Amino acid sequence: MSRLPLLFGLLTPIGLAAQAPPAAPPVRIFIKAGHLIDGRSDQAQTNVGILIEGQRIKAVGPVAQIQGQAGDARVIDLSQMTVLPGLIDAHTHLLLQGDPTSEQYDQQLLYQSVAYRAILAARNARLSLEHGFTALRDMETEGAMFADVDVKLAVNRGEVPGPRIFASTRAMAPTGMYPVLSQNWELELPHGVQPVDGVDGARLAVREQVSHGADWIKFYSDRRYYFTPDSTLHSWVNFTDDEAKAIVDEAHRLGRRVAAHAIGADGIAAALRAGVNSIEHGDGMTDSLLDAMVRLGAYWVPTVTVSHYVADPRGGIWGPMVDHQRAAFQRALRKGVKIVMGTDAGGFPWTEINQAKEFEYYVQYGMTPMQAIKSGTSLAAELLGQSDNFGSIAPGLFADIVGVAGDPIKDITELQRVRFVMKDGTVYLTP
Ligand SMILES: [Zn+2]
C-alpha cells in the first residue's frame, strides 16, 4: 500500500519511470587455445585466441592479436589443450536407457511412467553435455509422447544443464508395425511410436507433432531384416509410397526436415523415393543406393555404436549386419556420401558408453580423424540447418566449445576424454 507511491515519488521527478534498468554488459571471455580444430578447416592451427561476448564468438585469430581486443575479458587458459567446436550427436533417444533386447524395451514402456523417464532424460542430457556434446538431434521418445520437448524447454530455460535439443517427439509407423505388440488383444498397450495410417492420417500426424514442438519428423521405413544369398540385406517396407511421400511433403511444407529409420535396402530405397533428408542406420546400403544418396544430397547417420552394442544380445543376423554396414561405410566414403555422426545413444545405456566412441569407429572404418570430427561438428550442423549458429568455431556463431588434453588427430579416443565444455558462452566443465 505504501511502497508504490514512494517508488513513483522517487522515480518520476528524474524521468526514469518508463525506462527499464540498464542491461548489464555481456560477459567477455578470452580463450587461449594451444591448438584449434575449428570444424571446417582441414588443418589444426596453433596458439589461437577466441574472444567471446555473451553467448557468441566475437573474434578468432592469432593469440597476440585477439589479446589486443580482449581488454579486461576473463581469461580461460587452454594453451595446453586442443580446442574444438562442441560435439553434435545426430541420433539419440534421451527418453530411453538401452534396449539390446525387446524385453528391456517393453520393460521401460510398461513399467516406467513418462515422468520417471523424463527425470532420467534430464540426467542423460547433463551426462551428454559433460561429455562435450552441445547439440543433439533426439530421434523420438519411444512411447514417452512429447516429453523430449519438455526436456528441451527445461534446458533452454536454464532449469537443468544439457545440450541444445532438436526434438522429433513420437515418430511414426503404421498400425501393428512397431512395439509394444502382444497377442493379447484384450490389452491396450503403449505405443513406441504414433501409429499412422493413410495419406490423410500421415498429414494429420505431422501437423500434430509439429504443433506439440517437433523440430524434426521421423518415421520407420522398414522392419523384419533378412539377407538373400547374394548378400543383400533386405527388409519389409512399412508405409506405402503414398503415405511416406505425404509425411515428407507435409513436414517440408511446415519447415521441418525428415529422418527415416531404414536398415534394409528396400527400406532405404523407399525412404529415398519419399524424399527424406536423412537415412538412419542404413546397414543395407548398396552401391546404387549410395549413388542415389549422393545424387539426392541425403545424409547418412550410421549409428555404428549401437550396431556393435546390440549384435551379441540380439544374435541372429545382427552380427552379419555390422559387417555389411562396415563394408558399405567404406564404399560410401569413396563415393563422397555425406556421413553425419550419430550413435543411437539410449539404444545403449547413457551411463555405460560415452557417445564419442562413435568417432573411434568411424576412424576404424576408414575416415581420417579430421573427417570424423567434421561428421560430428560442421556436417552435423549442416544436417540440422544450423551452420550459421554452431558446428564450427568462427565469429558470429554461438560459443559452443570443448577442449581435450591430447591431440585427437593422433588419437581419436581423446574425444572420449573431454576436459572443458562451454555452451552458449557458459562454462559447464573446466580442467
Ligand atoms: Zn534410434
# chains A, B, ... in the order shown; residues from 1 in each chain; ligands from 1
>>> residues_around(residues="Glu280 in chain A", least_positions_apart="4", cutoff="9 Å", atoms="only C-alpha atoms", output="ChimeraX atom specification")
/A:91,259-263,268,299-303,342
>>> write_last_selection(atoms="N, CA, C and O atoms", output="mmCIF file, in the first residue's frame")
data_model
loop_
_atom_site.group_PDB
_atom_site.id
_atom_site.type_symbol
_atom_site.label_atom_id
_atom_site.label_comp_id
_atom_site.auth_asym_id
_atom_site.auth_seq_id
_atom_site.Cartn_x
_atom_site.Cartn_y
_atom_site.Cartn_z
ATOM 1 N N HIS A 91 21.797 -38.599 -33.603
ATOM 2 C CA HIS A 91 20.787 -39.653 -33.399
ATOM 3 C C HIS A 91 20.844 -40.134 -31.957
ATOM 4 O O HIS A 91 21.709 -40.933 -31.593
ATOM 5 N N ALA A 259 13.662 -37.558 -41.055
ATOM 6 C CA ALA A 259 14.609 -38.658 -40.900
ATOM 7 C C ALA A 259 13.850 -39.967 -41.008
ATOM 8 O O ALA A 259 12.751 -40.083 -40.471
ATOM 9 N N ALA A 260 14.443 -40.938 -41.698
ATOM 10 C CA ALA A 260 13.807 -42.254 -41.800
ATOM 11 C C ALA A 260 14.717 -43.321 -41.219
ATOM 12 O O ALA A 260 15.884 -43.437 -41.613
ATOM 13 N N HIS A 261 14.166 -44.074 -40.268
ATOM 14 C CA HIS A 261 14.816 -45.321 -39.861
ATOM 15 C C HIS A 261 14.710 -46.264 -41.059
ATOM 16 O O HIS A 261 13.598 -46.554 -41.517
ATOM 17 N N ALA A 262 15.859 -46.701 -41.584
ATOM 18 C CA ALA A 262 15.850 -47.583 -42.754
ATOM 19 C C ALA A 262 17.090 -48.453 -42.683
ATOM 20 O O ALA A 262 18.208 -47.967 -42.815
ATOM 21 N N ILE A 263 16.898 -49.743 -42.445
ATOM 22 C CA ILE A 263 18.036 -50.661 -42.260
ATOM 23 C C ILE A 263 18.270 -51.508 -43.506
ATOM 24 O O ILE A 263 19.389 -51.641 -43.975
ATOM 25 N N ILE A 268 15.549 -48.448 -47.300
ATOM 26 C CA ILE A 268 16.334 -47.274 -47.695
ATOM 27 C C ILE A 268 15.802 -46.724 -49.022
ATOM 28 O O ILE A 268 15.587 -45.514 -49.175
ATOM 29 N N TYR A 299 21.679 -37.336 -46.256
ATOM 30 C CA TYR A 299 22.715 -37.621 -45.266
ATOM 31 C C TYR A 299 22.528 -39.031 -44.718
ATOM 32 O O TYR A 299 21.392 -39.489 -44.570
ATOM 33 N N TRP A 300 23.657 -39.667 -44.385
ATOM 34 C CA TRP A 300 23.615 -40.997 -43.766
ATOM 35 C C TRP A 300 24.110 -40.885 -42.331
ATOM 36 O O TRP A 300 25.225 -40.399 -42.108
ATOM 37 N N VAL A 301 23.270 -41.325 -41.407
ATOM 38 C CA VAL A 301 23.632 -41.326 -39.979
ATOM 39 C C VAL A 301 23.724 -42.793 -39.544
ATOM 40 O O VAL A 301 22.709 -43.434 -39.256
ATOM 41 N N PRO A 302 24.938 -43.373 -39.525
ATOM 42 C CA PRO A 302 25.057 -44.834 -39.451
ATOM 43 C C PRO A 302 24.864 -45.469 -38.065
ATOM 44 O O PRO A 302 24.612 -46.655 -37.982
ATOM 45 N N THR A 303 25.024 -44.730 -36.968
ATOM 46 C CA THR A 303 24.841 -45.277 -35.605
ATOM 47 C C THR A 303 25.587 -46.602 -35.400
ATOM 48 O O THR A 303 25.001 -47.622 -35.035
ATOM 49 N N GLY A 342 26.169 -40.065 -35.638
ATOM 50 C CA GLY A 342 25.009 -40.338 -34.794
ATOM 51 C C GLY A 342 25.199 -41.696 -34.152
ATOM 52 O O GLY A 342 25.700 -42.623 -34.792
#
>>> residues_around(residues="Asp283 in chain A", least_positions_apart="5", cutoff="8 Å", atoms="only C-alpha atoms", output="PyMOL selection string")
chain A and resi 233+263-264+302+321-322+324-325+328
>>> closest_residue(among="A:Leu272, A:Leu290, A:Val304, A:Leu129", to="ligand 1", atoms="only C-alpha atoms and all ligand atoms")
A:Val304
>>> residues_around(residues="Gly49 in chain A", least_positions_apart="4", cutoff="10 Å", atoms="only C-alpha atoms", output="ChimeraX atom specification")
/A:30-36,59-67,70,77-79
>>> write_last_selection(atoms="all heavy atoms", output="compact mmCIF listing (two decimals), in the first residue's frame")
# COMPACT_ATOMS: atom_id res chain seq x y z
N PHE A 30 38.04 -14.54 -22.88
CA PHE A 30 39.15 -14.71 -23.84
C PHE A 30 39.77 -16.09 -23.62
O PHE A 30 40.31 -16.37 -22.55
CB PHE A 30 40.19 -13.61 -23.62
CG PHE A 30 41.44 -13.77 -24.43
CD1 PHE A 30 41.40 -14.04 -25.79
CD2 PHE A 30 42.69 -13.66 -23.82
CE1 PHE A 30 42.56 -14.18 -26.53
CE2 PHE A 30 43.87 -13.79 -24.56
CZ PHE A 30 43.80 -14.05 -25.92
N ILE A 31 39.61 -16.99 -24.63
CA ILE A 31 40.18 -18.34 -24.52
C ILE A 31 41.49 -18.38 -25.28
O ILE A 31 41.57 -17.99 -26.44
CB ILE A 31 39.21 -19.40 -25.11
CG1 ILE A 31 37.93 -19.49 -24.27
CG2 ILE A 31 39.88 -20.77 -25.17
CD1 ILE A 31 36.91 -20.50 -24.79
N LYS A 32 42.53 -18.85 -24.59
CA LYS A 32 43.82 -19.11 -25.25
C LYS A 32 43.86 -20.59 -25.59
O LYS A 32 43.89 -21.43 -24.69
CB LYS A 32 44.98 -18.77 -24.31
CG LYS A 32 45.11 -17.31 -23.95
CD LYS A 32 46.28 -17.17 -22.99
CE LYS A 32 46.52 -15.72 -22.62
NZ LYS A 32 47.59 -15.59 -21.61
N ALA A 33 43.84 -20.90 -26.88
CA ALA A 33 43.84 -22.30 -27.33
C ALA A 33 45.23 -22.68 -27.83
O ALA A 33 45.76 -22.03 -28.73
CB ALA A 33 42.81 -22.49 -28.43
N GLY A 34 45.81 -23.73 -27.25
CA GLY A 34 47.11 -24.22 -27.72
C GLY A 34 47.01 -24.70 -29.16
O GLY A 34 47.82 -24.37 -30.02
N HIS A 35 45.98 -25.50 -29.43
CA HIS A 35 45.68 -25.96 -30.79
C HIS A 35 44.19 -25.76 -31.02
O HIS A 35 43.40 -25.93 -30.10
CB HIS A 35 46.02 -27.44 -30.97
CG HIS A 35 47.49 -27.72 -30.79
ND1 HIS A 35 48.40 -27.63 -31.82
CD2 HIS A 35 48.20 -28.04 -29.69
CE1 HIS A 35 49.60 -27.90 -31.36
NE2 HIS A 35 49.52 -28.15 -30.07
N LEU A 36 43.84 -25.40 -32.24
CA LEU A 36 42.42 -25.23 -32.58
C LEU A 36 42.07 -26.07 -33.80
O LEU A 36 42.71 -25.95 -34.86
CB LEU A 36 42.10 -23.76 -32.88
CG LEU A 36 40.67 -23.52 -33.37
CD1 LEU A 36 39.66 -23.72 -32.25
CD2 LEU A 36 40.51 -22.13 -33.99
N ALA A 59 35.51 -12.96 -32.00
CA ALA A 59 36.70 -12.94 -32.87
C ALA A 59 37.53 -14.19 -32.65
O ALA A 59 37.55 -14.76 -31.55
CB ALA A 59 37.54 -11.70 -32.57
N VAL A 60 38.20 -14.63 -33.73
CA VAL A 60 39.11 -15.78 -33.68
C VAL A 60 40.36 -15.40 -34.46
O VAL A 60 40.24 -14.88 -35.58
CB VAL A 60 38.48 -17.05 -34.31
CG1 VAL A 60 39.41 -18.24 -34.19
CG2 VAL A 60 37.12 -17.36 -33.69
N GLY A 61 41.55 -15.63 -33.91
CA GLY A 61 42.77 -15.30 -34.64
C GLY A 61 44.01 -15.58 -33.82
O GLY A 61 43.91 -16.17 -32.74
N PRO A 62 45.18 -15.17 -34.33
CA PRO A 62 46.42 -15.38 -33.58
C PRO A 62 46.28 -14.83 -32.16
O PRO A 62 45.69 -13.75 -31.97
CB PRO A 62 47.46 -14.60 -34.38
CG PRO A 62 46.90 -14.53 -35.76
CD PRO A 62 45.41 -14.48 -35.59
N VAL A 63 46.82 -15.56 -31.19
CA VAL A 63 46.52 -15.25 -29.79
C VAL A 63 46.91 -13.81 -29.42
O VAL A 63 46.16 -13.12 -28.71
CB VAL A 63 47.15 -16.31 -28.85
CG1 VAL A 63 48.63 -16.08 -28.66
CG2 VAL A 63 46.41 -16.39 -27.54
N ALA A 64 48.04 -13.33 -29.94
CA ALA A 64 48.50 -11.98 -29.58
C ALA A 64 47.53 -10.92 -30.12
O ALA A 64 47.20 -9.94 -29.45
CB ALA A 64 49.91 -11.74 -30.14
N GLN A 65 47.05 -11.16 -31.34
CA GLN A 65 46.13 -10.21 -31.96
C GLN A 65 44.80 -10.13 -31.21
O GLN A 65 44.28 -9.04 -30.95
CB GLN A 65 45.90 -10.64 -33.42
CG GLN A 65 44.96 -9.75 -34.21
CD GLN A 65 44.49 -10.44 -35.48
OE1 GLN A 65 45.29 -11.10 -36.17
NE2 GLN A 65 43.22 -10.32 -35.80
N ILE A 66 44.25 -11.29 -30.85
CA ILE A 66 42.96 -11.31 -30.15
C ILE A 66 43.11 -10.76 -28.74
O ILE A 66 42.22 -10.08 -28.23
CB ILE A 66 42.38 -12.74 -30.14
CG1 ILE A 66 42.20 -13.27 -31.56
CG2 ILE A 66 41.03 -12.77 -29.40
CD1 ILE A 66 41.29 -12.44 -32.44
N GLN A 67 44.27 -11.00 -28.13
CA GLN A 67 44.54 -10.47 -26.79
C GLN A 67 44.41 -8.94 -26.80
O GLN A 67 43.90 -8.35 -25.86
CB GLN A 67 45.94 -10.87 -26.33
CG GLN A 67 46.20 -10.58 -24.87
CD GLN A 67 47.10 -11.62 -24.22
OE1 GLN A 67 47.96 -12.21 -24.89
NE2 GLN A 67 46.91 -11.86 -22.93
N ALA A 70 40.93 -8.07 -26.39
CA ALA A 70 40.22 -8.70 -25.27
C ALA A 70 40.02 -7.77 -24.10
O ALA A 70 39.08 -7.95 -23.32
CB ALA A 70 40.97 -9.96 -24.85
N ASP A 77 42.62 -20.23 -19.83
CA ASP A 77 43.87 -20.67 -20.45
C ASP A 77 43.78 -22.14 -20.84
O ASP A 77 43.86 -23.03 -19.99
CB ASP A 77 45.02 -20.45 -19.46
CG ASP A 77 46.37 -20.76 -20.10
OD1 ASP A 77 46.39 -21.21 -21.28
OD2 ASP A 77 47.39 -20.56 -19.43
N LEU A 78 43.60 -22.39 -22.13
CA LEU A 78 43.60 -23.77 -22.65
C LEU A 78 44.81 -23.96 -23.56
O LEU A 78 44.76 -24.67 -24.55
CB LEU A 78 42.29 -24.05 -23.41
CG LEU A 78 40.98 -23.83 -22.63
CD1 LEU A 78 39.77 -24.13 -23.51
CD2 LEU A 78 40.92 -24.68 -21.36
N SER A 79 45.90 -23.28 -23.20
CA SER A 79 47.09 -23.30 -24.07
C SER A 79 47.77 -24.66 -24.10
O SER A 79 48.59 -24.93 -24.97
CB SER A 79 48.08 -22.21 -23.65
OG SER A 79 48.45 -22.37 -22.31
>>> select_by_dssp(residues="range 52-163 of chain A", states="strand (DSSP E)", output="ChimeraX atom specification")
/A:52-53,56-62,74-85,87-92,133-138
>>> write_last_selection(atoms="C-alpha atoms", output="PDB file, in the first residue's frame")
ATOM      1  CA  ILE A  52      33.542 -14.491 -26.646  1.00  0.00           C
ATOM      2  CA  GLU A  53      30.961 -11.832 -25.905  1.00  0.00           C
ATOM      3  CA  ARG A  56      28.525 -15.737 -29.193  1.00  0.00           C
ATOM      4  CA  ILE A  57      32.042 -15.814 -30.575  1.00  0.00           C
ATOM      5  CA  LYS A  58      33.254 -12.303 -31.351  1.00  0.00           C
ATOM      6  CA  ALA A  59      36.696 -12.945 -32.870  1.00  0.00           C
ATOM      7  CA  VAL A  60      39.111 -15.780 -33.675  1.00  0.00           C
ATOM      8  CA  GLY A  61      42.773 -15.301 -34.644  1.00  0.00           C
ATOM      9  CA  PRO A  62      46.422 -15.383 -33.577  1.00  0.00           C
ATOM     10  CA  ARG A  74      38.097 -13.080 -18.257  1.00  0.00           C
ATOM     11  CA  VAL A  75      40.910 -15.343 -19.458  1.00  0.00           C
ATOM     12  CA  ILE A  76      40.485 -19.108 -19.806  1.00  0.00           C
ATOM     13  CA  ASP A  77      43.868 -20.670 -20.445  1.00  0.00           C
ATOM     14  CA  LEU A  78      43.599 -23.769 -22.651  1.00  0.00           C
ATOM     15  CA  SER A  79      47.087 -23.298 -24.073  1.00  0.00           C
ATOM     16  CA  GLN A  80      47.955 -26.893 -23.171  1.00  0.00           C
ATOM     17  CA  MET A  81      44.851 -28.264 -24.872  1.00  0.00           C
ATOM     18  CA  THR A  82      43.253 -28.867 -28.260  1.00  0.00           C
ATOM     19  CA  VAL A  83      40.080 -26.827 -28.651  1.00  0.00           C
ATOM     20  CA  LEU A  84      37.200 -27.929 -30.928  1.00  0.00           C
ATOM     21  CA  PRO A  85      33.594 -26.979 -31.650  1.00  0.00           C
ATOM     22  CA  LEU A  87      30.257 -32.102 -30.456  1.00  0.00           C
ATOM     23  CA  ILE A  88      26.921 -32.985 -32.085  1.00  0.00           C
ATOM     24  CA  ASP A  89      25.198 -36.372 -31.925  1.00  0.00           C
ATOM     25  CA  ALA A  90      22.573 -36.533 -34.667  1.00  0.00           C
ATOM     26  CA  HIS A  91      20.787 -39.653 -33.399  1.00  0.00           C
ATOM     27  CA  THR A  92      19.854 -40.073 -29.748  1.00  0.00           C
ATOM     28  CA  PHE A 133      28.006 -32.763 -26.715  1.00  0.00           C
ATOM     29  CA  THR A 134      26.472 -29.313 -27.066  1.00  0.00           C
ATOM     30  CA  ALA A 135      23.723 -30.343 -29.526  1.00  0.00           C
ATOM     31  CA  LEU A 136      21.631 -33.468 -30.016  1.00  0.00           C
ATOM     32  CA  ARG A 137      19.101 -34.442 -32.629  1.00  0.00           C
ATOM     33  CA  ASP A 138      16.872 -36.615 -30.477  1.00  0.00           C
TER      34      ASP A 138
END
>>> residues_around(residues="Gly425 in chain A", least_positions_apart="4", cutoff="10 Å", atoms="only C-alpha atoms", output="ChimeraX atom specification")
/A:27-29,52-57,398-401,421
>>> write_last_selection(atoms="N, CA and C atoms", output="tab-separated table (two decimals), in the first residue's frame")
chain	number	residue	atom	x	y	z
A	27	VAL	N	29.02	-10.64	-20.81
A	27	VAL	CA	30.27	-11.17	-20.26
A	27	VAL	C	31.25	-11.42	-21.40
A	28	ARG	N	32.49	-10.99	-21.21
A	28	ARG	CA	33.52	-11.23	-22.23
A	28	ARG	C	34.54	-12.24	-21.71
A	29	ILE	N	34.82	-13.23	-22.55
A	29	ILE	CA	35.77	-14.28	-22.17
A	29	ILE	C	36.79	-14.42	-23.29
A	52	ILE	N	34.97	-14.20	-26.75
A	52	ILE	CA	33.54	-14.49	-26.65
A	52	ILE	C	32.86	-13.31	-25.96
A	53	GLU	N	31.73	-12.92	-26.51
A	53	GLU	CA	30.96	-11.83	-25.90
A	53	GLU	C	29.54	-12.34	-25.71
A	54	GLY	N	29.15	-12.51	-24.47
A	54	GLY	CA	27.82	-13.08	-24.20
A	54	GLY	C	27.76	-14.52	-24.68
A	55	GLN	N	26.76	-14.81	-25.52
A	55	GLN	CA	26.57	-16.19	-25.99
A	55	GLN	C	27.41	-16.53	-27.22
A	56	ARG	N	27.95	-15.48	-27.87
A	56	ARG	CA	28.53	-15.74	-29.19
A	56	ARG	C	30.02	-15.45	-29.27
A	57	ILE	N	30.63	-16.04	-30.29
A	57	ILE	CA	32.04	-15.81	-30.57
A	57	ILE	C	32.19	-14.48	-31.30
A	398	PHE	N	27.41	-19.26	-32.01
A	398	PHE	CA	27.31	-19.48	-30.57
A	398	PHE	C	28.63	-20.06	-30.06
A	399	ALA	N	28.98	-19.67	-28.84
A	399	ALA	CA	30.22	-20.17	-28.23
A	399	ALA	C	29.98	-21.55	-27.64
A	400	ASP	N	29.93	-22.56	-28.52
A	400	ASP	CA	29.85	-23.97	-28.13
A	400	ASP	C	31.23	-24.56	-28.38
A	401	ILE	N	32.00	-24.77	-27.32
A	401	ILE	CA	33.43	-25.04	-27.44
A	401	ILE	C	33.83	-26.11	-26.45
A	421	VAL	N	34.13	-27.83	-21.31
A	421	VAL	CA	32.89	-27.69	-22.09
A	421	VAL	C	32.29	-26.31	-21.86
>>> closest_residue(among="A:Ile353, A:Ala214, A:Leu96, A:Ala269", to="Val237 in chain A", atoms="only C-alpha atoms")
A:Ala269
>>> residues_around(residues="Pro195 in chain A", least_positions_apart="2", cutoff="10 Å", atoms="only C-alpha atoms", output="NGL selection string")
:A and (170-178 or 191-193 or 197 or 201-202 or 205)
>>> write_last_selection(atoms="N, CA, C and O atoms", output="CSV table (one decimal), in the first residue's frame")
chain,number,residue,atom,x,y,z
A,170,ARG,N,7.2,-38.2,-31.3
A,170,ARG,CA,6.8,-39.6,-31.2
A,170,ARG,C,7.3,-40.5,-32.4
A,170,ARG,O,7.1,-41.7,-32.3
A,171,ALA,N,7.7,-40.0,-33.5
A,171,ALA,CA,8.0,-40.8,-34.7
A,171,ALA,C,6.7,-41.5,-35.2
A,171,ALA,O,5.7,-41.3,-34.5
A,172,MET,N,6.8,-42.2,-36.3
A,172,MET,CA,5.6,-42.8,-36.9
A,172,MET,C,5.9,-44.1,-37.5
A,172,MET,O,7.0,-44.4,-38.1
A,173,ALA,N,4.9,-45.0,-37.3
A,173,ALA,CA,4.9,-46.3,-38.1
A,173,ALA,C,3.4,-46.7,-38.2
A,173,ALA,O,2.6,-46.2,-37.5
A,174,PRO,N,3.1,-47.5,-39.3
A,174,PRO,CA,1.7,-47.9,-39.4
A,174,PRO,C,1.3,-48.8,-38.3
A,174,PRO,O,2.1,-49.4,-37.6
A,175,THR,N,0.0,-49.0,-38.1
A,175,THR,CA,-0.6,-49.8,-37.1
A,175,THR,C,0.0,-51.2,-37.1
A,175,THR,O,0.1,-51.8,-38.2
A,176,GLY,N,0.4,-51.7,-36.0
A,176,GLY,CA,0.9,-53.1,-35.9
A,176,GLY,C,2.3,-53.3,-36.3
A,176,GLY,O,2.8,-54.5,-36.3
A,177,MET,N,3.1,-52.3,-36.6
A,177,MET,CA,4.4,-52.5,-37.2
A,177,MET,C,5.5,-51.9,-36.2
A,177,MET,O,6.6,-51.7,-36.7
A,178,TYR,N,5.2,-51.7,-35.0
A,178,TYR,CA,6.2,-51.2,-34.0
A,178,TYR,C,5.7,-51.6,-32.6
A,178,TYR,O,4.6,-51.6,-32.3
A,191,HIS,N,2.2,-47.4,-27.2
A,191,HIS,CA,2.8,-47.5,-28.5
A,191,HIS,C,4.2,-46.8,-28.4
A,191,HIS,O,4.4,-45.7,-27.9
A,192,GLY,N,5.2,-47.5,-29.0
A,192,GLY,CA,6.6,-46.9,-29.1
A,192,GLY,C,6.6,-45.7,-30.1
A,192,GLY,O,7.6,-45.0,-30.1
A,193,VAL,N,5.7,-45.6,-31.0
A,193,VAL,CA,5.6,-44.5,-31.9
A,193,VAL,C,4.1,-44.1,-32.0
A,193,VAL,O,3.2,-44.8,-31.4
A,197,ASP,N,-1.8,-44.2,-40.3
A,197,ASP,CA,-2.2,-44.9,-41.5
A,197,ASP,C,-2.9,-44.0,-42.5
A,197,ASP,O,-3.7,-43.1,-42.1
A,201,GLY,N,-4.0,-39.5,-42.7
A,201,GLY,CA,-3.5,-39.8,-41.3
A,201,GLY,C,-2.1,-39.3,-41.2
A,201,GLY,O,-1.7,-38.8,-40.2
A,202,ALA,N,-1.3,-39.5,-42.3
A,202,ALA,CA,0.1,-39.1,-42.3
A,202,ALA,C,0.2,-37.5,-42.1
A,202,ALA,O,1.0,-37.0,-41.3
A,205,ALA,N,-0.8,-36.5,-38.6
A,205,ALA,CA,0.2,-36.8,-37.6
A,205,ALA,C,1.4,-35.8,-37.6
A,205,ALA,O,1.9,-35.4,-36.6
>>> residues_around(residues="Gln371 in chain A", least_positions_apart="5", cutoff="10 Å", atoms="only C-alpha atoms", output="list in words")
Gly39, Arg40, Asp42, Leu333, Ile339, Val340, Phe359, Tyr362, Val363, Gly366, Gly376, Thr377, Leu379 and Ile409 of chain A
